[in-house]
Amino acid sequence: MKPAAIPFSVLDLSPVVEGSTPAQAFRNTLDLAQHAERWGYRRYWLAEHHNMSGIASAATSVVIGYVAGGTRTIRVGAGGVMLPNHAPLVIAEQFGTLESLYPGRIDLGLGRAPGTDQLTARALRRENMGSADHFPQDVMELRRYFGELEPGQAVRAVPGAGLQVPLWLLGSSTFSAQLAAALGLPFAFASHFAPEQMEVALQIYRSQFKPSAALQQPYAMLALNVFAADDEAEAHRLSTSAQQQFLNLRRGRPGLIPPPVASMDGRWSEFEQLGVQQALRCSVIGAPATVERGIAAFIERHRPDELLISGLMFDHQARLRSFEIAAQARDALAGTARSATA
């Protein structure tokens with residue numbers, strides 16, 4: 001069976017590489033977003049992380065506004081905002097403002113994790129350390145703020161009320177899959193770094209989905225790492241920046257994005273290598289033909305409704321080329337799918 005033609009989107013963390021600055025990271029983010037728009041990507045999502053020197057997108061709504069202001073048609077959103085760090089009303093006001101400025105182009109993906117360590121999580125929202133336990137209630141409260149005003153409603157989001165900003169639930173386990181199904185919301189799974197429960201989460205989401213005013217049928221987006229280059233060996237070399245960064249994170253030493261290396265031999269133990277490779281197993285690495293085959297196999301096996309492409313690289317030009325190759329693979333697969341149904 002040929003893989004279906006599906007949309008591709010971009011997940012970006014505004015990476016800060018060694019020898020660079022957050023200011024340059026933001027310029028690179030906007031440049032990639034402008035290229036992604038020309039290459040036909042549907043969405044450009046930014047993720048909230050804190051106390052990580054290699055990730056500049058902590059103030060996610062601010063960066064979304066910067067990217068939306070520098071593009072014209074691509075949807076821009078959060079993949080995601082970590083709701084336990086925020087009061088729902090604050091997020092409703094922020095994204096109501098974004099939707100008012102860039103109507104019809106804003107997405108709001110919501111995560112349940114803090115996106116950081118516990119000490120930093122306390123600094124972010126110190127009055128409510130158990131806020132992750134309130135995630136379902138916070139999601140429903142947030143959704144109400146985007147709905148039409150009700151008679152006697154004392155607290156409203158200004159702007160925000162009546163704007164119906166699209167909500168997504170994000171997850172790396174089955175919890176958000178169940179909640180997205182119960183609320184009738186689209187669901188995005190973080191398979192690019194936590195693939196272990198992807199298949200069971202998809203099964204739960206699709207089998208338990210209840211239609212809602214927002215969505216009549218389940219809609220699942222899966223994240224996939226793509227490290228593409230015109231040469232196989234170069235693609236594998238470029239992927240080592242992500243491997244090193246993930247290894248440093250597991251060692252409790254997150255830092256700036258390191259340059260690629262010729263080989264990871266001697267840089268990790270056998271146990272560490274197994275762990276990193278397992279976490280990053282939803283990755284496609286190689287030259288254009290290899291990337292096209294790898295993406296096709298991933299789509300055919302898991303049948304997502306949309307792919308969220310991630311690709312942490314040190315060199316910005318190489319990163320641009322990688323996303324361009326992924327877009328070319330999408331176009332080639334779309335042509336194949338059309339031919340198969342003709």
# chains A, B, ... in the order shown; residues from 1 in each chain; ligands from 1
>>> residues_around(residues="range 144-147 of chain A", least_positions_apart="2", cutoff="8 Å", atoms="only C-alpha atoms", output="PyMOL selection string")
chain A and resi 89+92+96+140-142+149+156-157+160-165
>>> residues_around(residues="range 209-223 of chain A", least_positions_apart="3", cutoff="9 Å", atoms="only C-alpha atoms", output="mmCIF file with N, CA and C atoms, in the first residue's frame")
data_model
loop_
_atom_site.group_PDB
_atom_site.id
_atom_site.type_symbol
_atom_site.label_atom_id
_atom_site.label_comp_id
_atom_site.auth_asym_id
_atom_site.auth_seq_id
_atom_site.Cartn_x
_atom_site.Cartn_y
_atom_site.Cartn_z
ATOM 1 N N LEU A 11 8.738 21.655 13.585
ATOM 2 C CA LEU A 11 8.915 21.895 15.017
ATOM 3 C C LEU A 11 10.291 22.510 15.232
ATOM 4 N N GLN A 164 -12.070 31.251 19.339
ATOM 5 C CA GLN A 164 -11.979 29.815 19.017
ATOM 6 C C GLN A 164 -10.585 29.440 18.489
ATOM 7 N N PRO A 166 -7.595 27.331 17.752
ATOM 8 C CA PRO A 166 -7.516 25.866 17.744
ATOM 9 C C PRO A 166 -6.593 25.333 18.832
ATOM 10 N N LEU A 167 -7.111 24.413 19.624
ATOM 11 C CA LEU A 167 -6.341 23.761 20.675
ATOM 12 C C LEU A 167 -5.916 22.372 20.221
ATOM 13 N N GLN A 178 -5.718 10.037 25.893
ATOM 14 C CA GLN A 178 -7.056 9.799 26.444
ATOM 15 C C GLN A 178 -7.833 11.102 26.583
ATOM 16 N N ALA A 180 -7.333 13.985 24.927
ATOM 17 C CA ALA A 180 -7.663 14.524 23.605
ATOM 18 C C ALA A 180 -8.851 13.788 23.003
ATOM 19 N N ALA A 181 -8.890 12.475 23.182
ATOM 20 C CA ALA A 181 -10.015 11.695 22.677
ATOM 21 C C ALA A 181 -11.316 12.088 23.376
ATOM 22 N N ALA A 182 -11.268 12.249 24.686
ATOM 23 C CA ALA A 182 -12.472 12.573 25.449
ATOM 24 C C ALA A 182 -13.002 13.957 25.100
ATOM 25 N N LEU A 183 -12.082 14.910 24.815
ATOM 26 C CA LEU A 183 -12.490 16.282 24.538
ATOM 27 C C LEU A 183 -12.703 16.544 23.047
ATOM 28 N N GLY A 184 -12.382 15.561 22.203
ATOM 29 C CA GLY A 184 -12.543 15.746 20.772
ATOM 30 C C GLY A 184 -11.589 16.764 20.194
ATOM 31 N N LEU A 185 -10.319 16.678 20.604
ATOM 32 C CA LEU A 185 -9.287 17.617 20.147
ATOM 33 C C LEU A 185 -8.238 16.893 19.325
ATOM 34 N N PRO A 186 -7.543 17.592 18.430
ATOM 35 C CA PRO A 186 -6.421 16.972 17.724
ATOM 36 C C PRO A 186 -5.290 16.666 18.692
ATOM 37 N N PHE A 187 -4.466 15.679 18.332
ATOM 38 C CA PHE A 187 -3.453 15.146 19.235
ATOM 39 C C PHE A 187 -2.119 15.050 18.505
ATOM 40 N N ALA A 188 -1.064 15.519 19.159
ATOM 41 C CA ALA A 188 0.291 15.424 18.605
ATOM 42 C C ALA A 188 1.162 14.663 19.586
ATOM 43 N N PHE A 189 1.880 13.659 19.077
ATOM 44 C CA PHE A 189 2.711 12.817 19.940
ATOM 45 C C PHE A 189 4.186 13.136 19.728
ATOM 46 N N ALA A 190 4.924 13.207 20.843
ATOM 47 C CA ALA A 190 6.340 13.587 20.826
ATOM 48 C C ALA A 190 7.229 12.393 20.502
ATOM 49 N N SER A 191 6.965 11.768 19.370
ATOM 50 C CA SER A 191 7.722 10.576 18.977
ATOM 51 C C SER A 191 9.151 10.887 18.584
ATOM 52 N N HIS A 192 9.497 12.169 18.417
ATOM 53 C CA HIS A 192 10.860 12.522 18.032
ATOM 54 C C HIS A 192 11.857 12.361 19.176
ATOM 55 N N PHE A 193 11.364 12.254 20.425
ATOM 56 C CA PHE A 193 12.293 12.001 21.525
ATOM 57 C C PHE A 193 11.761 10.999 22.554
ATOM 58 N N MET A 198 4.175 5.494 21.640
ATOM 59 C CA MET A 198 3.514 6.102 20.485
ATOM 60 C C MET A 198 2.372 5.243 19.957
ATOM 61 N N LEU A 202 -1.619 6.175 20.094
ATOM 62 C CA LEU A 202 -2.407 6.354 18.880
ATOM 63 C C LEU A 202 -3.654 5.474 18.897
ATOM 64 N N ILE A 204 -5.266 4.281 21.480
ATOM 65 C CA ILE A 204 -6.214 4.807 22.468
ATOM 66 C C ILE A 204 -6.921 6.027 21.918
ATOM 67 N N TYR A 205 -6.167 6.936 21.345
ATOM 68 C CA TYR A 205 -6.765 8.177 20.823
ATOM 69 C C TYR A 205 -7.789 7.881 19.733
ATOM 70 N N ARG A 206 -7.414 7.037 18.798
ATOM 71 C CA ARG A 206 -8.310 6.769 17.674
ATOM 72 C C ARG A 206 -9.531 5.960 18.085
ATOM 73 N N CYS A 282 12.817 7.368 16.135
ATOM 74 C CA CYS A 282 11.941 7.922 15.100
ATOM 75 C C CYS A 282 12.706 9.025 14.371
ATOM 76 N N HIS A 302 2.537 3.969 10.476
ATOM 77 C CA HIS A 302 1.806 4.586 11.583
ATOM 78 C C HIS A 302 0.578 5.385 11.146
ATOM 79 N N ARG A 303 0.459 5.687 9.873
ATOM 80 C CA ARG A 303 -0.704 6.371 9.317
ATOM 81 C C ARG A 303 -1.074 7.668 10.060
ATOM 82 N N PRO A 304 -0.120 8.565 10.260
ATOM 83 C CA PRO A 304 -0.480 9.853 10.864
ATOM 84 C C PRO A 304 -1.287 10.690 9.882
ATOM 85 N N ASP A 305 -2.029 11.645 10.398
ATOM 86 C CA ASP A 305 -2.731 12.598 9.551
ATOM 87 C C ASP A 305 -1.830 13.748 9.131
ATOM 88 N N GLU A 306 -0.736 13.917 9.864
ATOM 89 C CA GLU A 306 0.213 14.994 9.578
ATOM 90 C C GLU A 306 1.546 14.633 10.218
ATOM 91 N N LEU A 307 2.636 15.091 9.616
ATOM 92 C CA LEU A 307 3.971 14.888 10.183
ATOM 93 C C LEU A 307 4.511 16.216 10.693
ATOM 94 N N LEU A 308 5.116 16.178 11.868
ATOM 95 C CA LEU A 308 5.782 17.338 12.454
ATOM 96 C C LEU A 308 7.282 17.063 12.397
ATOM 97 N N ILE A 309 7.975 17.737 11.486
ATOM 98 C CA ILE A 309 9.383 17.451 11.233
ATOM 99 C C ILE A 309 10.266 18.266 12.162
ATOM 100 N N SER A 310 11.155 17.576 12.858
ATOM 101 C CA SER A 310 12.161 18.215 13.698
ATOM 102 C C SER A 310 13.537 17.866 13.154
#
>>> closest_residue(among="A:Gln118, A:Ala262, A:Arg251, A:Val158", to="Leu98 in chain A", atoms="only C-alpha atoms")
A:Val158
>>> residues_around(residues="Ser14 in chain A", least_positions_apart="6", cutoff="8 Å", atoms="only C-alpha atoms", output="list in words")
Pro22, Ala25, Phe26, Asn28, Thr29, Leu46, Ile55, Ala56 and Ser57 of chain A
>>> closest_atom_pairs(of="range 281-337 of chain A", to="range 229-246 of chain A", cutoff="9 Å", atoms="only C-alpha atoms", output="JSON lines")
{"residue": "A:Ile285", "atom": "CA", "partner": "A:Ala235", "partner_atom": "CA", "distance": 6.0}
{"residue": "A:Gly286", "atom": "CA", "partner": "A:Glu232", "partner_atom": "CA", "distance": 4.5}
{"residue": "A:Ala287", "atom": "CA", "partner": "A:Glu232", "partner_atom": "CA", "distance": 4.8}
{"residue": "A:Pro288", "atom": "CA", "partner": "A:Asp230", "partner_atom": "CA", "distance": 6.4}
{"residue": "A:Thr290", "atom": "CA", "partner": "A:Glu232", "partner_atom": "CA", "distance": 8.2}
{"residue": "A:Gly311", "atom": "CA", "partner": "A:Ala242", "partner_atom": "CA", "distance": 8.0}
{"residue": "A:Leu312", "atom": "CA", "partner": "A:Ala242", "partner_atom": "CA", "distance": 5.6}
{"residue": "A:Met313", "atom": "CA", "partner": "A:Ser241", "partner_atom": "CA", "distance": 6.0}
{"residue": "A:Phe314", "atom": "CA", "partner": "A:Ser241", "partner_atom": "CA", "distance": 6.4}
{"residue": "A:Asp315", "atom": "CA", "partner": "A:Leu238", "partner_atom": "CA", "distance": 8.4}
{"residue": "A:Ala318", "atom": "CA", "partner": "A:Ala229", "partner_atom": "CA", "distance": 7.3}
{"residue": "A:Arg319", "atom": "CA", "partner": "A:Ala229", "partner_atom": "CA", "distance": 8.8}
{"residue": "A:Arg321", "atom": "CA", "partner": "A:Ala229", "partner_atom": "CA", "distance": 6.7}
{"residue": "A:Ser322", "atom": "CA", "partner": "A:Ala229", "partner_atom": "CA", "distance": 5.8}
{"residue": "A:Ile325", "atom": "CA", "partner": "A:Ala229", "partner_atom": "CA", "distance": 7.5}
>>> write_last_selection(atoms="N, CA, C and O atoms", output="tab-separated table (two decimals), in the first residue's frame")
chain	number	residue	atom	x	y	z
A	285	ILE	N	17.63	9.50	8.51
A	285	ILE	CA	18.94	10.11	8.28
A	285	ILE	C	19.46	9.67	6.93
A	285	ILE	O	19.49	8.46	6.64
A	286	GLY	N	19.87	10.63	6.08
A	286	GLY	CA	20.48	10.22	4.83
A	286	GLY	C	20.34	11.23	3.72
A	286	GLY	O	19.91	12.37	3.91
A	287	ALA	N	20.70	10.80	2.52
A	287	ALA	CA	20.56	11.58	1.30
A	287	ALA	C	19.10	11.57	0.85
A	287	ALA	O	18.27	10.84	1.41
A	288	PRO	N	18.75	12.38	-0.16
A	288	PRO	CA	17.33	12.51	-0.53
A	288	PRO	C	16.58	11.21	-0.77
A	288	PRO	O	15.46	11.04	-0.28
A	290	THR	N	17.18	8.20	0.39
A	290	THR	CA	17.03	7.50	1.67
A	290	THR	C	15.96	8.16	2.53
A	290	THR	O	15.15	7.48	3.16
A	311	GLY	N	14.51	18.71	13.41
A	311	GLY	CA	15.85	18.41	12.93
A	311	GLY	C	16.87	19.35	13.53
A	311	GLY	O	17.16	20.41	12.97
A	312	LEU	N	17.38	19.00	14.70
A	312	LEU	CA	18.32	19.85	15.43
A	312	LEU	C	19.70	19.73	14.79
A	312	LEU	O	20.31	18.66	14.82
A	313	MET	N	20.18	20.82	14.21
A	313	MET	CA	21.49	20.83	13.56
A	313	MET	C	22.28	22.06	13.99
A	313	MET	O	21.70	23.09	14.35
A	314	PHE	N	23.59	21.95	13.89
A	314	PHE	CA	24.48	23.03	14.29
A	314	PHE	C	24.53	24.13	13.24
A	314	PHE	O	24.45	25.32	13.56
A	315	ASP	N	24.66	23.76	12.00
A	315	ASP	CA	24.83	24.72	10.91
A	315	ASP	C	23.47	25.11	10.32
A	315	ASP	O	22.70	24.24	9.90
A	318	ALA	N	22.86	24.07	6.63
A	318	ALA	CA	22.61	22.63	6.54
A	318	ALA	C	21.21	22.30	7.01
A	318	ALA	O	20.53	21.41	6.45
A	319	ARG	N	20.75	22.99	8.02
A	319	ARG	CA	19.40	22.77	8.53
A	319	ARG	C	18.35	23.18	7.48
A	319	ARG	O	17.35	22.47	7.27
A	321	ARG	N	18.77	23.14	4.28
A	321	ARG	CA	18.80	22.13	3.23
A	321	ARG	C	18.08	20.86	3.66
A	321	ARG	O	17.37	20.22	2.86
A	322	SER	N	18.19	20.50	4.92
A	322	SER	CA	17.53	19.30	5.42
A	322	SER	C	16.01	19.44	5.31
A	322	SER	O	15.32	18.53	4.85
A	325	ILE	N	14.96	19.18	1.67
A	325	ILE	CA	14.93	17.80	1.19
A	325	ILE	C	13.68	17.09	1.71
A	325	ILE	O	13.03	16.33	0.98
>>> closest_residue(among="A:Ser176, A:Ser20, A:Thr73, A:Ser263", to="Tyr41 in chain A", atoms="only C-alpha atoms")
A:Thr73
>>> closest_residue(among="A:Phe95, A:Phe298, A:Phe175, A:Trp45", to="Arg143 in chain A", atoms="only C-alpha atoms")
A:Phe95
